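*Asks:* The structure file my_file.tsv (TSV, C-alpha atoms (C1' of nucleotides)) is provided below.
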```tsv
chain	number	residue	atom	x	y	z
K	1	MET	CA	-8.84	-19.13	-36.84
K	2	ALA	CA	-9.58	-16.90	-33.91
K	3	GLU	CA	-9.79	-19.87	-31.57
K	4	SER	CA	-6.45	-21.35	-32.47
K	5	GLU	CA	-4.90	-17.94	-32.15
K	6	VAL	CA	-6.18	-17.64	-28.62
K	7	GLU	CA	-5.00	-21.12	-27.81
K	8	GLY	CA	-1.64	-20.20	-29.24
K	9	ARG	CA	-1.35	-17.15	-27.03
K	10	ASP	CA	-2.41	-19.20	-24.10
K	11	ARG	CA	0.22	-21.83	-24.72
K	12	GLU	CA	2.73	-19.11	-25.22
K	13	LEU	CA	1.88	-17.42	-21.92
K	14	HIS	CA	2.20	-20.64	-19.97
K	15	GLN	CA	5.40	-21.49	-21.80
K	16	VAL	CA	6.89	-18.11	-20.93
K	17	ALA	CA	5.79	-18.55	-17.35
K	18	ALA	CA	7.38	-21.97	-17.17
K	19	ASP	CA	10.61	-20.64	-18.68
K	20	ARG	CA	10.84	-17.68	-16.32
K	21	LEU	CA	10.21	-19.88	-13.33
K	22	ALA	CA	12.81	-22.34	-14.53
K	23	SER	CA	15.32	-19.54	-14.84
K	24	ILE	CA	15.06	-18.96	-11.10
K	25	ASP	CA	14.92	-22.69	-10.33
K	26	GLN	CA	11.22	-22.86	-9.67
K	27	ARG	CA	8.62	-25.23	-11.04
K	28	TYR	CA	5.43	-24.31	-12.84
K	29	THR	CA	3.10	-26.27	-10.61
K	30	ARG	CA	-0.64	-26.75	-10.82
K	31	GLY	CA	-1.33	-24.08	-8.22
K	32	ARG	CA	0.87	-21.54	-9.96
K	33	ARG	CA	-0.74	-22.36	-13.28
K	34	GLU	CA	-4.11	-21.66	-11.71
K	35	LEU	CA	-2.98	-18.29	-10.43
K	36	VAL	CA	-1.61	-17.28	-13.80
K	37	GLY	CA	-4.83	-18.50	-15.41
K	38	ALA	CA	-6.92	-16.38	-13.07
K	39	LEU	CA	-4.90	-13.28	-13.90
K	40	GLU	CA	-4.99	-14.07	-17.60
K	41	ARG	CA	-8.78	-14.22	-17.56
K	42	ALA	CA	-9.07	-10.89	-15.77
K	43	THR	CA	-9.20	-7.56	-17.58
K	44	ASN	CA	-7.91	-5.62	-14.60
K	45	PRO	CA	-5.78	-6.14	-11.50
K	46	LEU	CA	-7.24	-8.54	-8.95
K	47	THR	CA	-7.05	-8.71	-5.18
K	48	VAL	CA	-6.08	-11.98	-3.56
K	49	GLU	CA	-9.68	-12.46	-2.58
K	50	GLN	CA	-10.78	-12.02	-6.19
K	51	ILE	CA	-8.09	-14.38	-7.41
K	52	LEU	CA	-9.25	-17.06	-5.00
K	53	LEU	CA	-12.77	-16.84	-6.38
K	54	THR	CA	-11.51	-18.03	-9.75
K	55	ALA	CA	-8.53	-20.07	-8.71
K	56	THR	CA	-10.54	-22.35	-6.50
K	57	SER	CA	-8.54	-25.20	-5.02
K	58	VAL	CA	-5.69	-22.83	-4.25
K	59	PRO	CA	-5.54	-22.15	-0.50
K	60	GLN	CA	-5.00	-18.59	0.59
K	61	SER	CA	-1.54	-19.14	1.99
K	62	SER	CA	-0.37	-20.85	-1.17
K	63	ALA	CA	-1.77	-17.99	-3.21
K	64	TYR	CA	0.20	-15.46	-1.22
K	65	ARG	CA	3.33	-17.58	-1.31
K	66	ASN	CA	3.15	-18.26	-4.99
K	67	LEU	CA	2.32	-14.71	-5.94
K	68	VAL	CA	5.63	-13.78	-4.39
K	69	VAL	CA	7.37	-16.43	-6.47
K	70	LEU	CA	5.59	-15.31	-9.63
K	71	GLU	CA	6.59	-11.76	-8.84
K	72	ASP	CA	10.21	-12.82	-8.45
K	73	ALA	CA	9.97	-14.57	-11.80
K	74	ALA	CA	8.70	-11.35	-13.41
K	75	ILE	CA	5.45	-13.00	-14.40
K	76	VAL	CA	3.21	-11.11	-12.04
K	77	HIS	CA	3.23	-7.49	-10.93
K	78	ARG	CA	1.89	-6.30	-7.59
K	79	ILE	CA	0.16	-2.95	-7.36
K	80	VAL	CA	-0.86	-1.11	-4.24
K	81	THR	CA	-3.66	1.42	-3.93
K	82	SER	CA	-4.74	3.23	-0.81
K	83	ASP	CA	-7.16	0.59	0.29
K	84	ASP	CA	-5.91	-2.39	2.27
K	85	TYR	CA	-5.68	-4.91	-0.53
K	86	ALA	CA	-2.75	-5.56	-2.82
K	87	ARG	CA	-3.74	-6.25	-6.41
K	88	PHE	CA	-2.02	-8.40	-8.99
K	89	GLU	CA	-1.77	-8.47	-12.77
K	90	LEU	CA	0.43	-10.10	-15.38
K	91	THR	CA	3.60	-8.10	-16.09
K	92	GLU	CA	3.44	-5.62	-18.93
K	93	ASP	CA	5.65	-7.56	-21.30
K	94	LEU	CA	3.10	-10.38	-21.11
K	95	THR	CA	0.26	-8.00	-21.84
K	96	GLU	CA	1.03	-4.48	-22.99
K	97	HIS	CA	2.04	-1.19	-21.43
K	98	HIS	CA	-0.97	0.40	-19.82
K	99	HIS	CA	-2.09	2.57	-16.93
K	100	HIS	CA	-4.57	2.37	-14.12
K	101	ILE	CA	-7.47	4.53	-13.22
K	102	ILE	CA	-8.26	4.10	-9.58
K	103	CYS	CA	-11.61	4.85	-8.01
K	104	SER	CA	-10.95	6.74	-4.81
K	105	GLU	CA	-14.32	5.64	-3.45
K	106	CYS	CA	-14.28	1.86	-3.85
K	107	GLY	CA	-10.63	1.18	-4.70
K	108	ASN	CA	-11.49	-0.51	-7.96
K	109	VAL	CA	-8.85	-0.40	-10.68
K	110	VAL	CA	-9.42	-0.31	-14.45
K	111	ASP	CA	-6.79	-0.47	-17.20
K	112	PHE	CA	-6.38	2.06	-19.97
K	113	THR	CA	-3.73	3.07	-22.49
K	114	LEU	CA	-2.32	6.35	-23.75
K	115	PRO	CA	-1.12	7.50	-27.16
K	116	GLY	CA	2.45	6.48	-27.84
K	117	ALA	CA	3.52	10.08	-28.32
K	118	VAL	CA	2.48	10.95	-24.81
K	119	GLU	CA	4.26	7.91	-23.43
K	120	SER	CA	7.56	8.74	-25.01
K	121	GLU	CA	7.47	12.35	-23.95
K	122	VAL	CA	6.74	11.28	-20.39
K	123	ASP	CA	9.58	8.79	-20.44
K	124	LYS	CA	11.98	11.37	-21.77
K	125	ALA	CA	11.03	13.88	-19.09
K	126	LEU	CA	11.19	11.31	-16.30
K	127	ASN	CA	14.58	10.02	-17.27
K	128	ALA	CA	15.94	13.54	-17.35
K	129	ALA	CA	14.58	14.17	-13.86
K	130	ALA	CA	15.96	10.91	-12.52
K	131	ARG	CA	19.43	11.60	-13.86
K	132	LYS	CA	19.39	14.96	-12.15
K	133	ILE	CA	18.92	13.46	-8.68
K	134	GLY	CA	21.15	10.44	-9.08
K	135	PHE	CA	18.51	7.80	-9.49
K	136	SER	CA	18.59	5.03	-12.01
K	137	GLY	CA	15.11	5.04	-13.51
K	138	ASP	CA	13.47	1.73	-14.30
K	139	HIS	CA	9.85	2.31	-15.30
K	140	HIS	CA	7.14	4.85	-14.74
K	141	ARG	CA	3.79	4.50	-13.15
K	142	LEU	CA	1.15	6.91	-14.36
K	143	ASP	CA	-2.21	6.51	-12.71
K	144	LEU	CA	-5.34	8.56	-12.72
K	145	VAL	CA	-7.32	8.86	-9.51
K	146	GLY	CA	-11.00	9.57	-9.89
K	147	THR	CA	-14.47	8.21	-9.34
K	148	CYS	CA	-15.90	5.29	-11.28
K	149	ALA	CA	-19.35	5.31	-12.83
K	150	ASP	CA	-20.73	3.09	-10.06
K	151	CYS	CA	-19.65	5.47	-7.31
K	152	LEU	CA	-20.75	8.70	-8.98
Q	153	MET	CA	14.22	39.52	4.38
Q	154	ALA	CA	14.59	35.82	3.76
Q	155	GLU	CA	13.89	35.05	7.40
Q	156	SER	CA	10.73	37.01	7.70
Q	157	GLU	CA	9.55	35.48	4.46
Q	158	VAL	CA	10.03	32.00	5.85
Q	159	GLU	CA	8.28	32.98	9.05
Q	160	GLY	CA	5.49	34.39	6.96
Q	161	ARG	CA	5.07	31.16	5.04
Q	162	ASP	CA	5.15	29.26	8.27
Q	163	ARG	CA	2.43	31.35	9.81
Q	164	GLU	CA	0.47	31.03	6.64
Q	165	LEU	CA	0.75	27.26	6.62
Q	166	HIS	CA	-0.43	26.94	10.18
Q	167	GLN	CA	-3.19	29.43	9.53
Q	168	VAL	CA	-4.40	27.46	6.54
Q	169	ALA	CA	-4.24	24.29	8.58
Q	170	ALA	CA	-6.27	25.84	11.35
Q	171	ASP	CA	-8.84	27.14	8.88
Q	172	ARG	CA	-9.25	23.81	7.12
Q	173	LEU	CA	-9.61	21.98	10.39
Q	174	ALA	CA	-12.15	24.51	11.57
Q	175	SER	CA	-14.15	23.98	8.41
Q	176	ILE	CA	-14.69	20.36	9.42
Q	177	ASP	CA	-15.21	21.28	13.08
Q	178	GLN	CA	-11.82	20.19	14.29
Q	179	ARG	CA	-9.30	22.03	16.40
Q	180	TYR	CA	-5.69	22.71	15.58
Q	181	THR	CA	-4.20	21.20	18.71
Q	182	ARG	CA	-0.64	20.98	19.86
Q	183	GLY	CA	-0.23	17.40	18.63
Q	184	ARG	CA	-1.62	18.24	15.22
Q	185	ARG	CA	0.62	21.26	14.98
Q	186	GLU	CA	3.59	19.02	15.70
Q	187	LEU	CA	2.62	16.63	12.95
Q	188	VAL	CA	2.22	19.42	10.42
Q	189	GLY	CA	5.53	20.85	11.57
Q	190	ALA	CA	7.29	17.53	11.05
Q	191	LEU	CA	5.93	17.27	7.53
Q	192	GLU	CA	6.77	20.86	6.81
Q	193	ARG	CA	10.40	20.32	7.78
Q	194	ALA	CA	10.70	17.24	5.57
Q	195	THR	CA	11.70	17.42	1.92
Q	196	ASN	CA	10.00	14.14	1.07
Q	197	PRO	CA	7.14	11.96	2.28
Q	198	LEU	CA	7.63	10.46	5.74
Q	199	THR	CA	6.55	7.21	7.32
Q	200	VAL	CA	4.81	7.34	10.69
Q	201	GLU	CA	7.99	6.08	12.27
Q	202	GLN	CA	9.95	8.94	10.71
Q	203	ILE	CA	7.34	11.45	11.76
Q	204	LEU	CA	7.55	10.27	15.35
Q	205	LEU	CA	11.31	10.85	15.37
Q	206	THR	CA	10.72	14.56	14.85
Q	207	ALA	CA	7.33	14.98	16.41
Q	208	THR	CA	8.46	13.66	19.76
Q	209	SER	CA	5.82	13.87	22.46
Q	210	VAL	CA	3.19	12.65	20.03
Q	211	PRO	CA	2.24	9.07	20.85
Q	212	GLN	CA	1.96	6.65	17.98
Q	213	SER	CA	-1.78	6.17	18.26
Q	214	SER	CA	-2.40	9.90	18.29
Q	215	ALA	CA	-0.20	10.28	15.24
Q	216	TYR	CA	-2.24	7.74	13.31
Q	217	ARG	CA	-5.50	9.19	14.51
Q	218	ASN	CA	-4.56	12.76	13.72
Q	219	LEU	CA	-3.07	11.95	10.36
Q	220	VAL	CA	-6.50	10.69	9.41
Q	221	VAL	CA	-8.03	13.94	10.59
Q	222	LEU	CA	-5.43	15.99	8.74
Q	223	GLU	CA	-6.12	13.94	5.66
Q	224	ASP	CA	-9.84	14.62	5.98
Q	225	ALA	CA	-9.05	18.30	6.29
Q	226	ALA	CA	-7.03	18.16	3.04
Q	227	ILE	CA	-3.89	19.23	4.84
Q	228	VAL	CA	-2.03	15.97	4.55
Q	229	HIS	CA	-1.85	13.43	1.76
Q	230	ARG	CA	-1.18	9.73	2.28
Q	231	ILE	CA	0.87	7.82	-0.24
Q	232	VAL	CA	1.37	4.09	-0.45
Q	233	THR	CA	4.33	2.32	-2.00
Q	234	SER	CA	4.92	-1.40	-2.20
Q	235	ASP	CA	6.64	-1.62	1.15
Q	236	ASP	CA	4.61	-1.94	4.32
Q	237	TYR	CA	4.66	1.68	5.44
Q	238	ALA	CA	2.27	4.43	4.51
Q	239	ARG	CA	3.96	7.78	3.93
Q	240	PHE	CA	2.63	11.28	4.47
Q	241	GLU	CA	3.27	14.69	3.00
Q	242	LEU	CA	1.54	18.07	2.94
Q	243	THR	CA	-1.06	18.34	0.20
Q	244	GLU	CA	0.07	19.77	-3.11
Q	245	ASP	CA	-1.76	23.05	-2.76
Q	246	LEU	CA	0.30	23.71	0.37
Q	247	THR	CA	3.52	22.90	-1.42
Q	248	GLU	CA	3.50	22.50	-5.20
Q	249	HIS	CA	2.60	19.88	-7.75
Q	250	HIS	CA	5.35	17.30	-7.86
Q	251	HIS	CA	6.06	13.63	-8.44
Q	252	HIS	CA	7.78	10.83	-6.60
Q	253	ILE	CA	10.68	8.67	-7.54
Q	254	ILE	CA	10.53	5.49	-5.54
Q	255	CYS	CA	13.50	3.26	-4.85
Q	256	SER	CA	12.41	-0.31	-5.45
Q	257	GLU	CA	15.18	-1.55	-3.16
Q	258	CYS	CA	14.69	0.42	0.03
Q	259	GLY	CA	11.27	2.01	-0.51
Q	260	ASN	CA	12.59	5.52	-0.06
Q	261	VAL	CA	10.70	8.28	-1.82
Q	262	VAL	CA	12.12	11.53	-3.24
Q	263	ASP	CA	10.22	14.43	-4.76
Q	264	PHE	CA	10.83	15.92	-8.19
Q	265	THR	CA	9.00	18.15	-10.65
Q	266	LEU	CA	8.41	18.09	-14.39
Q	267	PRO	CA	8.21	20.85	-16.99
Q	268	GLY	CA	4.77	22.42	-17.16
Q	269	ALA	CA	4.38	21.49	-20.81
Q	270	VAL	CA	4.71	17.82	-19.99
Q	271	GLU	CA	2.24	18.13	-17.16
Q	272	SER	CA	-0.46	19.69	-19.25
Q	273	GLU	CA	-0.08	17.19	-22.06
Q	274	VAL	CA	-0.35	14.36	-19.58
Q	275	ASP	CA	-3.43	15.86	-18.00
Q	276	LYS	CA	-5.06	16.33	-21.38
Q	277	ALA	CA	-4.39	12.74	-22.40
Q	278	LEU	CA	-5.55	11.35	-19.07
Q	279	ASN	CA	-8.79	13.26	-19.05
Q	280	ALA	CA	-9.56	12.04	-22.54
Q	281	ALA	CA	-8.95	8.47	-21.47
Q	282	ALA	CA	-11.08	8.84	-18.34
Q	283	ARG	CA	-14.00	10.25	-20.27
Q	284	LYS	CA	-13.85	7.30	-22.63
Q	285	ILE	CA	-14.40	4.75	-19.85
Q	286	GLY	CA	-16.93	6.70	-17.82
Q	287	PHE	CA	-14.68	7.82	-15.00
Q	288	SER	CA	-14.60	11.25	-13.53
Q	289	GLY	CA	-10.91	12.09	-13.29
Q	290	ASP	CA	-9.64	13.95	-10.27
Q	291	HIS	CA	-5.85	14.08	-10.32
Q	292	HIS	CA	-2.98	12.10	-11.74
Q	293	ARG	CA	-0.17	10.31	-10.05
Q	294	LEU	CA	2.99	9.99	-12.06
Q	295	ASP	CA	5.79	8.17	-10.29
Q	296	LEU	CA	9.10	6.85	-11.41
Q	297	VAL	CA	10.32	3.56	-10.00
Q	298	GLY	CA	14.05	3.03	-9.93
Q	299	THR	CA	17.05	2.59	-7.71
Q	300	CYS	CA	18.44	5.34	-5.53
Q	301	ALA	CA	22.11	6.23	-5.34
Q	302	ASP	CA	22.49	4.47	-1.98
Q	303	CYS	CA	21.16	1.17	-3.29
Q	304	LEU	CA	23.08	1.12	-6.56
E	305	DC	C1'	-19.42	21.38	33.40
E	306	DT	C1'	-18.98	19.37	28.55
E	307	DC	C1'	-17.00	17.36	25.06
E	308	DA	C1'	-13.36	16.91	21.71
E	309	DG	C1'	-8.80	15.31	21.93
E	310	DT	C1'	-5.41	12.30	24.22
E	311	DG	C1'	-2.76	8.19	25.42
E	312	DC	C1'	-2.33	3.65	26.92
E	313	DA	C1'	-3.16	-0.96	25.94
E	314	DA	C1'	-5.65	-4.32	23.53
E	315	DA	C1'	-7.80	-5.70	19.15
E	316	DG	C1'	-8.01	-6.04	14.05
E	317	DG	C1'	-6.79	-7.83	9.70
E	318	DA	C1'	-4.01	-8.55	5.52
E	319	DT	C1'	-0.03	-11.06	4.92
E	320	DT	C1'	3.75	-14.20	6.36
E	321	DT	C1'	5.76	-18.25	8.34
E	322	DG	C1'	6.59	-23.08	10.88
E	323	DC	C1'	6.06	-27.56	10.24
E	324	DA	C1'	4.34	-32.04	8.82
E	325	DT	C1'	2.74	-34.16	4.57
E	326	DG	C1'	2.68	-35.28	-0.34
E	327	DC	C1'	4.19	-35.07	-4.93
E	328	DC	C1'	7.26	-34.08	-8.91
E	329	DG	C1'	11.59	-35.22	-10.99
T	330	DC	C1'	14.25	-41.88	-2.87
T	331	DG	C1'	15.12	-36.44	-2.00
T	332	DG	C1'	13.80	-32.10	-1.93
T	333	DC	C1'	10.53	-28.64	-3.30
T	334	DA	C1'	5.82	-27.24	-3.03
T	335	DT	C1'	1.66	-27.56	-0.30
T	336	DG	C1'	-1.76	-26.46	3.25
T	337	DC	C1'	-3.19	-25.89	7.70
T	338	DA	C1'	-2.81	-23.12	11.67
T	339	DA	C1'	-0.36	-19.94	14.31
T	340	DA	C1'	2.37	-15.80	14.34
T	341	DT	C1'	3.58	-10.99	12.57
T	342	DC	C1'	3.19	-6.30	12.37
T	343	DC	C1'	1.23	-1.96	10.72
T	344	DT	C1'	-2.72	0.21	11.89
T	345	DT	C1'	-7.12	0.88	14.27
T	346	DT	C1'	-10.05	1.09	18.26
T	347	DG	C1'	-12.05	1.00	23.38
T	348	DC	C1'	-12.00	3.42	27.22
T	349	DA	C1'	-10.85	6.36	30.98
T	350	DC	C1'	-8.71	10.83	31.53
T	351	DT	C1'	-7.60	15.73	30.70
T	352	DG	C1'	-7.85	20.35	29.21
T	353	DA	C1'	-9.92	24.15	26.56
T	354	DG	C1'	-14.08	27.03	26.16
```
Any chance you could put this one into structure tokens?
*Replies:*
Amino acid sequence: MAESEVEGRDRELHQVAADRLASIDQRYTRGRRELVGALERATNPLTVEQILLTATSVPQSSAYRNLVVLEDAAIVHRIVTSDDYARFELTEDLTEHHHHIICSECGNVVDFTLPGAVESEVDKALNAAARKIGFSGDHHRLDLVGTCADCL
Amino acid sequence: MAESEVEGRDRELHQVAADRLASIDQRYTRGRRELVGALERATNPLTVEQILLTATSVPQSSAYRNLVVLEDAAIVHRIVTSDDYARFELTEDLTEHHHHIICSECGNVVDFTLPGAVESEVDKALNAAARKIGFSGDHHRLDLVGTCADCL
DNA sequence: CTCAGTGCAAAGGATTTGCATGCCG
DNA sequence: CGGCATGCAAATCCTTTGCACTGAG
């Protein structure tokens, strides 16, 4: 039962990816499938270098190019820390709303979630602040910066 | 009264800067004073390019080099958005705890603050989450991503 | 004098792009 | 077949660095 459930989710993810790409007139090619697969397997955001370790057979330039396409299709989300490497993860509606804790020593990023009550209070406060300064708020980004166990 | 108060703060800022630099065996030189001055004048984080507009007479390479020094001295804080430019602001203990709203169109960053009650709840929740995964939390970063009035 | 800081120019490095080839529709 | 995606290599561009010079103590 568990296996077919996983397979089902997997099919669903790739189907959603294909649909979103189609909606911007893009194909879901082998290389793009590999990139999505690499991110699906991961439990935290990956650098391009890390993606290429898993998505072998995808050249670096194609990875960069297709990550842009996948970002445009709202399948992949790019995050930037203070080190020199961009990191990528599946968008939140393909996974679930979560936050990042960033190690200020090594740049590593780990996912975590917060209680729903905290989330909604934050959203409420942020939207109020945005309205006040004439911004149209889209989403929030709440990260914790600290030191991971390895770097302590 | 207001004027002397501002002058007082100004002196204080530069004094603190000098002290913090001294504590890491660095001098508070003319160029560094100019950089701090540029950031002090600003009401939001500045790119190097923007800094150089105000801190004329500071060459680009010196700006980069000294921003690193000022960062090491905990006078300046570097923030990274998804566009290609790092941005700099005075550290929070020289100003006050605040957040950023980032325009996803043009990359511009504006400061705003949240009610203290929200802040403390967020901190509490984040520290709990960090403990759970073996991180030592340092500070949080709560940004809102949206579209600024100019880009709407 | 000495040595940290400076400034110019050249290098570095993640990311982007030009162009010829191949493959999907 | 026709055009989009690919992949190699070269270019881009923010940022960093080498090195000779200058000024403060």
*Asks:* If you take all atoms listed in the file and a cut-off of 9 Å, which residues of chain K touch chain Q, and what are their nearest atom pairs and distances in Å to one decimal, in chain and number order, as JSON lines?
*Replies:*
```
{"residue": "K:Arg78", "atom": "CA", "partner": "Q:Ser234", "partner_atom": "CA", "distance": 7.9}
{"residue": "K:Ile79", "atom": "CA", "partner": "Q:Ser234", "partner_atom": "CA", "distance": 7.2}
{"residue": "K:Val80", "atom": "CA", "partner": "Q:Ser234", "partner_atom": "CA", "distance": 6.1}
{"residue": "K:Thr81", "atom": "CA", "partner": "Q:Val232", "partner_atom": "CA", "distance": 6.7}
{"residue": "K:Ser82", "atom": "CA", "partner": "Q:Val232", "partner_atom": "CA", "distance": 6.2}
{"residue": "K:Ala86", "atom": "CA", "partner": "Q:Ser234", "partner_atom": "CA", "distance": 8.7}
{"residue": "K:Ile101", "atom": "CA", "partner": "Q:Ala282", "partner_atom": "CA", "distance": 7.6}
{"residue": "K:Cys103", "atom": "CA", "partner": "Q:Phe287", "partner_atom": "CA", "distance": 8.2}
{"residue": "K:Val110", "atom": "CA", "partner": "Q:Ile285", "partner_atom": "CA", "distance": 8.9}
{"residue": "K:Phe112", "atom": "CA", "partner": "Q:Ala281", "partner_atom": "CA", "distance": 7.1}
{"residue": "K:Thr113", "atom": "CA", "partner": "Q:Ala281", "partner_atom": "CA", "distance": 7.6}
{"residue": "K:Leu114", "atom": "CA", "partner": "Q:Ala277", "partner_atom": "CA", "distance": 6.9}
{"residue": "K:Pro115", "atom": "CA", "partner": "Q:Ala277", "partner_atom": "CA", "distance": 7.8}
{"residue": "K:Val118", "atom": "CA", "partner": "Q:Val274", "partner_atom": "CA", "distance": 6.9}
{"residue": "K:Glu119", "atom": "CA", "partner": "Q:Val274", "partner_atom": "CA", "distance": 8.8}
{"residue": "K:Glu121", "atom": "CA", "partner": "Q:Val270", "partner_atom": "CA", "distance": 7.3}
{"residue": "K:Val122", "atom": "CA", "partner": "Q:Val270", "partner_atom": "CA", "distance": 6.9}
{"residue": "K:Ala125", "atom": "CA", "partner": "Q:Leu266", "partner_atom": "CA", "distance": 6.8}
{"residue": "K:Leu126", "atom": "CA", "partner": "Q:Leu296", "partner_atom": "CA", "distance": 6.9}
{"residue": "K:Asn127", "atom": "CA", "partner": "Q:Leu296", "partner_atom": "CA", "distance": 8.6}
{"residue": "K:Ala129", "atom": "CA", "partner": "Q:Phe264", "partner_atom": "CA", "distance": 7.0}
{"residue": "K:Ala130", "atom": "CA", "partner": "Q:Ile253", "partner_atom": "CA", "distance": 7.6}
{"residue": "K:Ile133", "atom": "CA", "partner": "Q:Phe264", "partner_atom": "CA", "distance": 8.5}
{"residue": "K:Gly134", "atom": "CA", "partner": "Q:Ala301", "partner_atom": "CA", "distance": 5.7}
{"residue": "K:Phe135", "atom": "CA", "partner": "Q:Cys300", "partner_atom": "CA", "distance": 4.7}
{"residue": "K:Ser136", "atom": "CA", "partner": "Q:Thr299", "partner_atom": "CA", "distance": 5.2}
{"residue": "K:Gly137", "atom": "CA", "partner": "Q:Gly298", "partner_atom": "CA", "distance": 4.2}
{"residue": "K:Asp138", "atom": "CA", "partner": "Q:Gly298", "partner_atom": "CA", "distance": 4.6}
{"residue": "K:His139", "atom": "CA", "partner": "Q:Val297", "partner_atom": "CA", "distance": 5.5}
{"residue": "K:His140", "atom": "CA", "partner": "Q:Leu296", "partner_atom": "CA", "distance": 4.4}
{"residue": "K:Arg141", "atom": "CA", "partner": "Q:Asp295", "partner_atom": "CA", "distance": 5.1}
{"residue": "K:Leu142", "atom": "CA", "partner": "Q:Leu294", "partner_atom": "CA", "distance": 4.3}
{"residue": "K:Asp143", "atom": "CA", "partner": "Q:Arg293", "partner_atom": "CA", "distance": 5.1}
{"residue": "K:Leu144", "atom": "CA", "partner": "Q:His292", "partner_atom": "CA", "distance": 4.4}
{"residue": "K:Val145", "atom": "CA", "partner": "Q:His291", "partner_atom": "CA", "distance": 5.5}
{"residue": "K:Gly146", "atom": "CA", "partner": "Q:Gly289", "partner_atom": "CA", "distance": 4.2}
{"residue": "K:Thr147", "atom": "CA", "partner": "Q:Ser288", "partner_atom": "CA", "distance": 5.2}
{"residue": "K:Cys148", "atom": "CA", "partner": "Q:Phe287", "partner_atom": "CA", "distance": 4.7}
{"residue": "K:Ala149", "atom": "CA", "partner": "Q:Gly286", "partner_atom": "CA", "distance": 5.7}
{"residue": "K:Leu152", "atom": "CA", "partner": "Q:Ser288", "partner_atom": "CA", "distance": 8.1}
```
*Asks:* CA of Ile51 (chain K) and CA of Gln26 (chain K) are how many Å apart?
*Replies:* 21.2 Å
*Asks:* Taking all atoms listed in the file into account, which residues of chain T are within 12 Å of chain K, as a list in words?
*Replies:*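 Every residue meeting the condition is included here: DC333, DA334, DT335, DG336, DC337, DA338, DC343 and DT344 of chain T.
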*Asks:* Write a file of the selected residues as a compact mmCIF listing (two decimals), in the frame of the given file, keeping C-alpha atoms (C1' of nucleotides).
*Replies:*
```
# COMPACT_ATOMS: atom_id res chain seq x y z
C1' DC T 333 10.53 -28.64 -3.30
C1' DA T 334 5.82 -27.24 -3.03
C1' DT T 335 1.66 -27.56 -0.30
C1' DG T 336 -1.76 -26.46 3.25
C1' DC T 337 -3.19 -25.89 7.70
C1' DA T 338 -2.81 -23.12 11.67
C1' DC T 343 1.23 -1.96 10.72
C1' DT T 344 -2.72 0.21 11.89
```
*Asks:* Can you pull out every residue within 12 Å of DA313 (chain E), counting all atoms listed in the file, but drop anything in the same chain fewer than 3 positions away, and send it as a list of chain:residue names?
*Replies:*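 The filter keeps Q:Ser213, T:DT346, T:DG347, T:DC348, T:DA349.
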*Asks:* Hey, which of K:Arg87, K:Arg11, K:Arg131, K:Arg65 ends up closest to chain E? Count all atoms listed in the file.
*Replies:*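 The shortest atom-to-atom distance to chain E comes from K:Arg65.
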*Asks:* Tell me which of E:DC305, E:DA324, E:DA315, E:DT310 sits closest to chain Q, counting only C-alpha atoms (C1' of nucleotides).
*Replies:*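 The closest residue to chain Q is E:DT310.
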*Asks:* Applying 10 Å and only C-alpha atoms (C1' of nucleotides), which residues near Glu244 (chain Q) remain after dropping the ones on its own chain fewer than 3 positions away? List them as a ChimeraX atom specification.
*Replies:* /Q:226-229,241,247-250
*Asks:* Using only C-alpha atoms (C1' of nucleotides), which residue out of K:Asp84, K:Glu71, K:Glu105, K:Glu34 lies closest to chain E?
*Replies:*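 Using only C-alpha atoms (C1' of nucleotides), the shortest distance to chain E belongs to K:Asp84.
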*Asks:* Using 10 Å as the limit and counting only C-alpha atoms (C1' of nucleotides), can you tabulate each residue of chain E that touches chain Q, with its shortest atom-to-atom distance in Å and the two atoms involved, as JSON lines?
*Replies:*
```
{"residue": "E:DA308", "atom": "C1'", "partner": "Q:Gln178", "partner_atom": "CA", "distance": 8.3}
{"residue": "E:DG309", "atom": "C1'", "partner": "Q:Thr181", "partner_atom": "CA", "distance": 8.1}
{"residue": "E:DT310", "atom": "C1'", "partner": "Q:Ser214", "partner_atom": "CA", "distance": 7.1}
{"residue": "E:DG311", "atom": "C1'", "partner": "Q:Pro211", "partner_atom": "CA", "distance": 6.8}
{"residue": "E:DC312", "atom": "C1'", "partner": "Q:Ser213", "partner_atom": "CA", "distance": 9.0}
```
*Asks:* Excluding Val168 (chain Q) and any residue of its chain fewer than 3 positions from it, enumerate the residues within 12 Å of it, using all atoms listed in the file, and give them as number ranges by chain.
*Replies:* Q: 161-165, 171-175, 180, 185, 188, 222, 225-228, 242-243, 245-246
*Asks:* For the atom pair C1' of DG329 (chain E) and CA of Ala55 (chain K), what is the interatomic distance in Å to one decimal place?
*Replies:*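 Interatomic distance here is 25.3 Å.
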*Asks:* Separation of C1' of DT321 (chain E) and CA of Val261 (chain Q), in Å?
*Replies:*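 These atoms are spaced 28.8 Å apart.
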*Asks:* Name the closest residue to DC342 (chain T) among the candidates Q:Arg182, Q:Tyr237, Q:Thr199, Q:Thr208; distances are taken between atoms, counting all atoms listed in the file.
*Replies:* Q:Tyr237
*Asks:* Work out where the centre of an axis-aligned box around every listed atom of region 314-323 of chain E lies and how long its edges are once 4 Å is added on each side; give both in Å to one decimal as JSON.
*Replies:*
```
{"center_x": -0.7, "center_y": -15.9, "center_z": 14.2, "size_x": 22.6, "size_y": 31.2, "size_z": 26.6}
```
